[in-house]
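J.: Sharing a structure here in structure tokens format.
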2 protein chains.
Amino acid sequence: MKKIILVTLACIPFGYLVAQNDEPDLNMIQKIRQEGFNHSQVMDLAFYLTEVSGPRLNNSPGFRRAANYTKNKLSEWGLTNAHLEPWGEWGKGWELKRCYVAMSAPYYKPIIAFPKSWTAGTNGLQTADIVLLSVGDAKDLELYKGRLTGKVILLPRIDSLEPAYVADASRYSEEDLKEMADWKGDNEANQSNKTDGHNIPGKGYTPSPGRHELSGAMRKGALTYSRLKQFAREEGAVAILSTNPRGRDGTLFVQGGGPWAGNAAENFPDLMLAYEDYMMLQRMAQHHIPVKLEMDVKTQFQTNDLQGYNVIAEIKGTDPKLKQELVMIGAHLDSWHASVGATDNAAGCAVMMEVVRILKTLNIQLRRTIRIALWGGEEQGLIGSKNYVRQHFMDTLTKRYNAAGDKVSVYFNLDNGTGKIRGLYLQGNMAAQPVFTKWLQPFKDLGATTITLQRTGGTDHLSFDAIGVPAFQFIQDDIEYDTRTHHSNMDSYDHLQPGDLKQAAVIIASFVYQAAQRSEKIPRK
Amino acid sequence: MKKIILVTLACIPFGYLVAQNDEPDLNMIQKIRQEGFNHSQVMDLAFYLTEVSGPRLNNSPGFRRAANYTKNKLSEWGLTNAHLEPWGEWGKGWELKRCYVAMSAPYYKPIIAFPKSWTAGTNGLQTADIVLLSVGDAKDLELYKGRLTGKVILLPRIDSLEPAYVADASRYSEEDLKEMADWKGDNEANQSNKTDGHNIPGKGYTPSPGRHELSGAMRKGALTYSRLKQFAREEGAVAILSTNPRGRDGTLFVQGGGPWAGNAAENFPDLMLAYEDYMMLQRMAQHHIPVKLEMDVKTQFQTNDLQGYNVIAEIKGTDPKLKQELVMIGAHLDSWHASVGATDNAAGCAVMMEVVRILKTLNIQLRRTIRIALWGGEEQGLIGSKNYVRQHFMDTLTKRYNAAGDKVSVYFNLDNGTGKIRGLYLQGNMAAQPVFTKWLQPFKDLGATTITLQRTGGTDHLSFDAIGVPAFQFIQDDIEYDTRTHHSNMDSYDHLQPGDLKQAAVIIASFVYQAAQRSEKIPRK
């Protein structure tokens with residue numbers, strides 16, 4: 001039966017008929033599979049996005065290298081008008097130039113550490129004692145007046161490491177997927193699934209956020225972290241150290257250490273340590289065993305261009321009536337800084353680039369225009385995509401899509417790590433369910449079966465969804481995303497799964513093709 | 001029923017009667033439990049053995065600090081004749097004084113690295129290109145003549161990282177334990193269990209040993225690693241780098257980099273890198289992307305005392321007829337160097353010290369003499385215990401126990417990580433089965449139930465077993481031993497499990513007590 005459809009459809013130019021009834025174009029899908037699985041460039045793209053470009057912290061030199069690489073590559077493939085599009089003033093670039101931390105007394109031990117982004121360096125190699133700061137509120141800081149000069153500060157932690165009885169890597173089971181498929185709406189029991197697909201019960205490993213002695217005071221507002229750092233700076237301390245039991249075995253999770261605005265003052269040196277190293281220092285201090293730390297941290301701010309950028313390019317549509325309409329795809333190009341953002345989100349960028357490469361290589365005449373967007377500023381709050389949507393598609397009065405936004409049929413996003421696609425979050429768009437259900441059918445053999453009404457959050461489809469443009473994120477296997485790679489120093493190329501990325505590119509290329517050829521736009525909510 | 005026995009036995013001095021029929025002395029066990037669980041010092045001992053002493057590579061300053069600490073602590077508790085006992089010339093001490101490795105071009109990235117022990121440093125900070133050496137045999141090295149000066153050498157790897165679908169930590173299931181209990185002997189199907197209890201089918205995670213392009217040639221003997229290093233030295237290379245996919249997520253496994261003999265030449269700088277970092281360098285080289293490495297490695301050899309040492313102490317027996325006989329317990333004090341050897345084997349040392357502390361604290365009059373031995377040189381081939389046994393207990397002609405060895409009733413060893421005791425390996429000693437089965441019965445509630453005929457290897461009980469003295473290693477839960485801690489940079493204090501170590505101390509203290517009071521020695525094989 002399927003074979004007959006395939007033969008029949010092969011005779012229909014551009015698949016007009018199939019788009020009308022949303023039957024997938026199996027002939028075209030076969031070509032896409034062939035190109036995507038047998039001639040994939042997705043890992044090569046990922047390599048240049050990650051290890052060749054370096055960390056892609058927004059506006060950093062690594063981000064700029066990657067942005068230029070993607071622009072050039074998209075142009076090279078024949079996409080139209082590939083460009084870095086500024087979306088307004090954002091802030092300073094920052095990059096690490098040196099990071100050396102070790103305990104040098106009572107014996108020598110290297111320490112795994114990484115500064116938070118947008119923090120200052122140590123002004124050369126410092127050798128410092130450590131101080132375990134014990135305060136209940138901001139007033140207590142006075143007790144340390146005159147005692148922090150030349151010292152490195154730790155906050156006493158009250159958590160501990162548990163053995164890792166749950167595997168770092170996992171894939172959705174049939175039960176997990178069934179639960180997502182069966183999800184009916186926002187009742188209380190389902191609340192936890194509403195904004196994050198990763199929180200499916202039983203899925204993955206969500207390590208404790210950890211606690212230090214000041215957590216309580218900080219929650220109550222009796223002391224802020226920035227007040228603490230201000231005091232440390234005033235007192236002439238060398239640096240403040242942090243950790244978290246999520247970061248273990250040499251992995252550490254680290255994000256920003258303060259404001260990035262163009263006029264912001266440099267932030268006080270603030271480093272994340274591997275949990276085991278931090279706790280060793282704490283125990284030494286608690287037992288009054290003298291410790292010396294060596295630290296040499298050098299960071300560099302870039303202020304020559306404070307604009308934020310997205311990378312945009314197009315494959316022009318060919319249907320006179322529909323080529324003004326857009327099918328958009330995107331992923332975010334920026335990353336955190338402690339590794340090269342392989343799963344967050346070079347994976348998504350490489351897959352979306354591979355999608356347009358496949359479509360260009362197959363030289364398919366697409367009715368609608370395809371626009372690829374590689375966003376900046378996602379990690380600081382989806383800023384690149386929000387600004388893009390605001391500037392291109394939003395009616396400023398109603399905050400809903402304007403006439404230009406009405407031309408956007410759909411936006412597809414990929415930003416949940418390296419895991420293959422298991423389906424799609426409908427984001428509450430019931431009307432789109434029959435369409436995507438049909439489009440997904442040919443990919444059962446690749447493990448993609450599930451259309452869920454669930455919403456998922458945390459990434460750039462929200463910027464489109466917010467103005468009423470249909471926007472979707474795919475369901476992806478978690479692999480090691482929550483446990484090892486997401487915002488850690490281990491978000492590196494070797495944690496990418498080639499087979500999964502190829503599968504994602506094939507499925508998204510097919511969805512993009514179907515969306516481009518469909519008579520109607522994807523239904524609005 | 002049990003309560004009645006308990007009351008009855010409490011009236012019998014020294015438990016003479018119970019020893020004869022091997023019924024465990026439940027009254028004494030209750031006291032041991034009370035002391036071991038409610039007044040434990042095992043974690044404090046572990047802290048001083050690990051983080052306060054530092055890495056305990058044999059003959060290193062850290063080993064000496066730990067040895068002196070244990071000697072003093074054992075004396076302080078009232079043990080007799082606590083001393084560092086030399087067992088003959090062994091070789092050089094070595095310790096790390098500085099380790100800094102980073103990629104400085106095309107952008108900056110810190111690299112997680114650790115030198116192999118007994119290797120030389122880099123003579124200050126070096127900035128070097130990398131060379132991916134591709135040779136089939138020793139002759140091919142000539143192709144690189146003149147091309148390695150000032151370079152860092154990598155060997156091309158042909159392995160990759162797989163997602164970690166199996167948890168790092170595990171405990172034996174009831175099925176695992178039943179399989180061990182049911183084990184009958186050395187038939188082929190059971191062969192894999194013979195020497196290593198860790199290899200129970202389905203247990204734990206045994207990561208691939210990994211491969212590089214020269215693995216084949218080295219297996220065939222067409223090239224040796226020492227020939228390669230000799231060539232690198234002759235050519236003026238800076239260092240050679242290694243890795244292995246076992247070491248991932250910031251964990252790396254690293255051991256020795258050459259001979260430690262007093263007259264051995266310094267070994268060429270040879271470092272282990274975290275797998276992700278190494279593979280990045282390899283990919284950059286393969287894509288001809290220029291890379292600069294910064295390396296500053298300083299190591300220090302100690303040659304002032306080439307003797308190897310064990311730490312020995314005793315609790316003297318009180319029974320005139322039996323006090324010449326020994327119940328021995330031991331664990332090894334030395335460790336590898338990239339962390340502080342917490343699970344390998346500060347855990348065992350802390351437990352064995354806690355055992356004698358419990359016995360001393362309870363002021364029990366023990367019939368036989370208890371001797372505790374904390375071995376040196378275990379990691380280089382059980383050298384400390386082998387020499388001790390040879391010098392004290394072995395007939396040099398027959399290689400079996402001599403008259404002094406005949407006085408050793410039993411030797412108990414603990415050296416399989418931090419995991420609690422689940423039972424005991426009989427090491428093929430069928431005659432001891434009924435004795436230990438009875439002694440273990442009171443610890444069912446603590447999860448220790450299994451007496452297996454299996455042998456287990458890799459640690460110091462083998463030195464006693466080899467001369468025919470009954471010698472046993474306990475079955476321990478693996479926790480993260482094979483996956484994270486064993487010989488890695490993550491063998492640190494936070495990976496110790498306090499509850500497990502307390503349990504082990506309680507059970508071993510009870511076994512030692514029973515063995516000390518028993519009318520007969522433990523039966524020989």
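Identifiers in this document derive from the order of the structure tokens: chains are assigned A, B, ..., residues are numbered from 1 separately in each chain, and ligands are numbered from 1 in order of occurrence.
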Would you give me, as a PyMOL selection string, the residues of chain A that come within 6 Å of chain B, using only C-alpha atoms?
T.: chain A and resi 97+108+163-170+249-251+490
J.: Let's have the selection written as a PDB file, in the first residue's frame, with N, CA, C and O atoms.
T.:
ATOM      1  N   LYS A  97      41.174  33.919  28.826  1.00  0.00           N
ATOM      2  CA  LYS A  97      42.514  33.935  28.230  1.00  0.00           C
ATOM      3  C   LYS A  97      43.494  33.071  29.021  1.00  0.00           C
ATOM      4  O   LYS A  97      44.565  32.735  28.530  1.00  0.00           O
ATOM      5  N   TYR A 108      50.758  19.616  46.543  1.00  0.00           N
ATOM      6  CA  TYR A 108      50.274  20.160  45.279  1.00  0.00           C
ATOM      7  C   TYR A 108      49.132  19.323  44.720  1.00  0.00           C
ATOM      8  O   TYR A 108      49.225  18.102  44.639  1.00  0.00           O
ATOM      9  N   PRO A 163      26.192   8.626  45.469  1.00  0.00           N
ATOM     10  CA  PRO A 163      26.626   7.790  44.343  1.00  0.00           C
ATOM     11  C   PRO A 163      25.650   7.919  43.175  1.00  0.00           C
ATOM     12  O   PRO A 163      24.446   8.083  43.379  1.00  0.00           O
ATOM     13  N   ALA A 164      26.177   7.841  41.962  1.00  0.00           N
ATOM     14  CA  ALA A 164      25.352   8.017  40.758  1.00  0.00           C
ATOM     15  C   ALA A 164      24.685   6.688  40.377  1.00  0.00           C
ATOM     16  O   ALA A 164      25.157   5.977  39.501  1.00  0.00           O
ATOM     17  N   TYR A 165      23.577   6.391  41.038  1.00  0.00           N
ATOM     18  CA  TYR A 165      22.875   5.123  40.777  1.00  0.00           C
ATOM     19  C   TYR A 165      22.026   5.180  39.514  1.00  0.00           C
ATOM     20  O   TYR A 165      21.472   4.170  39.094  1.00  0.00           O
ATOM     21  N   VAL A 166      21.859   6.394  38.953  1.00  0.00           N
ATOM     22  CA  VAL A 166      21.077   6.537  37.718  1.00  0.00           C
ATOM     23  C   VAL A 166      22.049   6.882  36.590  1.00  0.00           C
ATOM     24  O   VAL A 166      22.952   7.701  36.766  1.00  0.00           O
ATOM     25  N   ALA A 167      21.853   6.261  35.447  1.00  0.00           N
ATOM     26  CA  ALA A 167      22.763   6.490  34.322  1.00  0.00           C
ATOM     27  C   ALA A 167      22.672   7.922  33.832  1.00  0.00           C
ATOM     28  O   ALA A 167      21.602   8.529  33.857  1.00  0.00           O
ATOM     29  N   ASP A 168      23.797   8.450  33.377  1.00  0.00           N
ATOM     30  CA  ASP A 168      23.815   9.793  32.800  1.00  0.00           C
ATOM     31  C   ASP A 168      22.963   9.862  31.538  1.00  0.00           C
ATOM     32  O   ASP A 168      22.306  10.866  31.284  1.00  0.00           O
ATOM     33  N   ALA A 169      23.031   8.827  30.736  1.00  0.00           N
ATOM     34  CA  ALA A 169      22.364   8.860  29.433  1.00  0.00           C
ATOM     35  C   ALA A 169      21.094   8.031  29.457  1.00  0.00           C
ATOM     36  O   ALA A 169      21.043   6.964  30.065  1.00  0.00           O
ATOM     37  N   SER A 170      20.064   8.553  28.808  1.00  0.00           N
ATOM     38  CA  SER A 170      18.829   7.773  28.683  1.00  0.00           C
ATOM     39  C   SER A 170      18.101   8.194  27.422  1.00  0.00           C
ATOM     40  O   SER A 170      18.352   9.264  26.865  1.00  0.00           O
ATOM     41  N   ASP A 249      32.808  14.523  39.275  1.00  0.00           N
ATOM     42  CA  ASP A 249      33.640  13.658  38.432  1.00  0.00           C
ATOM     43  C   ASP A 249      34.485  14.473  37.451  1.00  0.00           C
ATOM     44  O   ASP A 249      34.967  13.942  36.459  1.00  0.00           O
ATOM     45  N   GLY A 250      34.646  15.762  37.696  1.00  0.00           N
ATOM     46  CA  GLY A 250      35.394  16.610  36.772  1.00  0.00           C
ATOM     47  C   GLY A 250      34.504  17.469  35.895  1.00  0.00           C
ATOM     48  O   GLY A 250      34.990  18.350  35.191  1.00  0.00           O
ATOM     49  N   THR A 251      33.215  17.191  35.928  1.00  0.00           N
ATOM     50  CA  THR A 251      32.263  18.039  35.215  1.00  0.00           C
ATOM     51  C   THR A 251      31.872  19.191  36.130  1.00  0.00           C
ATOM     52  O   THR A 251      31.666  18.987  37.323  1.00  0.00           O
ATOM     53  N   MET A 490      31.590  20.120  29.891  1.00  0.00           N
ATOM     54  CA  MET A 490      31.624  18.890  29.102  1.00  0.00           C
ATOM     55  C   MET A 490      30.659  18.940  27.916  1.00  0.00           C
ATOM     56  O   MET A 490      30.300  17.910  27.366  1.00  0.00           O
TER      57      MET A 490
END
J.: Can you pull out every residue from region 443-504 of chain B that DSSP, working from the backbone, puts in strand (DSSP E), and format the result as JSON, numbers by chain?
T.: {"B": [450, 451, 452, 471, 472, 473, 474, 475, 476]}
J.: Any chance you could export the current selection's N, CA, C and O atoms as a CSV table (one decimal), in the first residue's frame?
T.:
chain,number,residue,atom,x,y,z
B,450,THR,N,26.7,-13.4,51.9
B,450,THR,CA,27.2,-14.4,50.8
B,450,THR,C,28.6,-14.9,51.1
B,450,THR,O,29.5,-14.1,51.2
B,451,ILE,N,28.7,-16.2,51.2
B,451,ILE,CA,30.0,-16.8,51.2
B,451,ILE,C,30.2,-17.5,49.9
B,451,ILE,O,29.4,-18.4,49.6
B,452,THR,N,31.2,-17.1,49.1
B,452,THR,CA,31.4,-17.8,47.8
B,452,THR,C,32.7,-18.5,47.8
B,452,THR,O,33.7,-18.0,48.3
B,471,ALA,N,43.6,-16.7,53.7
B,471,ALA,CA,43.6,-15.3,53.5
B,471,ALA,C,42.4,-14.9,52.6
B,471,ALA,O,42.2,-15.6,51.6
B,472,PHE,N,41.7,-13.9,53.1
B,472,PHE,CA,40.4,-13.6,52.5
B,472,PHE,C,40.2,-12.1,52.2
B,472,PHE,O,40.7,-11.3,53.0
B,473,GLN,N,39.5,-11.9,51.1
B,473,GLN,CA,39.1,-10.5,50.8
B,473,GLN,C,37.5,-10.6,50.8
B,473,GLN,O,36.9,-11.6,50.5
B,474,PHE,N,37.0,-9.5,51.4
B,474,PHE,CA,35.5,-9.5,51.5
B,474,PHE,C,34.9,-9.1,50.1
B,474,PHE,O,35.5,-8.4,49.3
B,475,ILE,N,33.7,-9.5,49.9
B,475,ILE,CA,32.9,-9.1,48.8
B,475,ILE,C,32.3,-7.7,49.1
B,475,ILE,O,31.7,-7.5,50.2
B,476,GLN,N,32.6,-6.7,48.3
B,476,GLN,CA,32.1,-5.3,48.5
B,476,GLN,C,31.3,-4.9,47.3
B,476,GLN,O,31.6,-5.1,46.2
J.: Taking the DSSP secondary structure from the backbone, can you list the residues of region 220-368 of chain A that are alpha helix (DSSP H), as a PyMOL selection string?
T.: chain A and resi 220+225-234+275-286+347-361
J.: List the spatial neighbours of region 376-381 of chain A as a PyMOL selection string - criterion: any atom at most 12 Å away, only C-alpha atoms, same-chain residues fewer than 4 positions off excluded.
T.: chain A and resi 56-60+63-64+66-67+84-93+117+255-256+258-261+307-312+330-337+341+344-345+349+385-388+415+457-463+486-487
J.: Compile the contact shell of region 208-219 of chain A as a PyMOL selection string: residues with an atom at most 10 Å away, counting only C-alpha atoms, same-chain residues fewer than 6 positions apart removed.
T.: chain A and resi 133-138+154-162+225+242-247
J.: My list of candidates is B:Leu414, B:Gly36, B:Ile508, B:Phe464. Which is closest to Trp439 (chain B) when distances are computed with only C-alpha atoms?
T.: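 Of the candidates, the smallest distance to Trp439 (chain B) is held by B:Ile508.
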J.: Give me the residues within 7 Å of Pro498 (chain B) as a PyMOL selection string, counting only C-alpha atoms and dropping any in the same chain fewer than 3 places off.
T.: chain B and resi 43+501-502
J.: Counting only C-alpha atoms, what is within 10 Å of Leu326 (chain B), bar same-chain residues fewer than 6 positions away, as a list in words?
T.: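 My list of contacting residues is Glu314, Ile315, Lys316, Gly317, Arg367, Arg368, Thr369, Ile370, Arg371, Ile372, Ala404, Gly405, Asp406, Lys407, Val408, Ser409, Val410, Tyr411, Ala515, Ala516 and Lys521 of chain B.
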J.: Near Thr361 (chain A), counting only C-alpha atoms, which residues have an atom at most 9 Å away, once you skip same-chain residues fewer than 3 positions from it, shown as a list in words?
T.: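 My reading of the contact set: Glu35, Trp77, Val356, Arg357, Ile358 and Ile364 of chain A.
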J.: With N, CA, C and O atoms retained, could you export that selection as a short mmCIF file (atom, residue, chain, number, x, y, z; two decimals), in the first residue's frame?
T.:
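For reference, again.cif as written:
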data_model
loop_
_atom_site.label_atom_id
_atom_site.label_comp_id
_atom_site.auth_asym_id
_atom_site.auth_seq_id
_atom_site.Cartn_x
_atom_site.Cartn_y
_atom_site.Cartn_z
N GLU A 35 19.94 11.40 1.11
CA GLU A 35 20.94 12.47 1.24
C GLU A 35 21.37 12.65 2.70
O GLU A 35 22.56 12.79 3.01
N TRP A 77 26.40 27.33 -0.10
CA TRP A 77 25.39 26.37 -0.56
C TRP A 77 24.34 27.01 -1.47
O TRP A 77 23.44 26.34 -1.95
N VAL A 356 18.82 22.69 5.43
CA VAL A 356 18.82 23.52 4.21
C VAL A 356 19.82 22.99 3.19
O VAL A 356 19.59 23.09 1.98
N ARG A 357 20.90 22.41 3.67
CA ARG A 357 21.86 21.80 2.73
C ARG A 357 21.20 20.67 1.95
O ARG A 357 21.34 20.55 0.73
N ILE A 358 20.47 19.82 2.67
CA ILE A 358 19.77 18.71 2.01
C ILE A 358 18.79 19.25 0.96
O ILE A 358 18.77 18.80 -0.18
N ILE A 364 15.31 20.98 -4.71
CA ILE A 364 13.85 20.91 -4.68
C ILE A 364 13.27 22.32 -4.91
O ILE A 364 13.74 23.29 -4.32
#
J.: What does the structure give for the distance between CA of Asp22 (chain A) and CA of Lys438 (chain A), in Å to one decimal?
T.: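 About the pair CA of Asp22 (chain A) and CA of Lys438 (chain A): they are 6.4 Å apart.
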J.: Using CA of Glu175 (chain B) and CA of Thr418 (chain B) as the two end points, give the distance in Å to one decimal.
T.: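 Here the two named atoms are 21.2 Å from each other.
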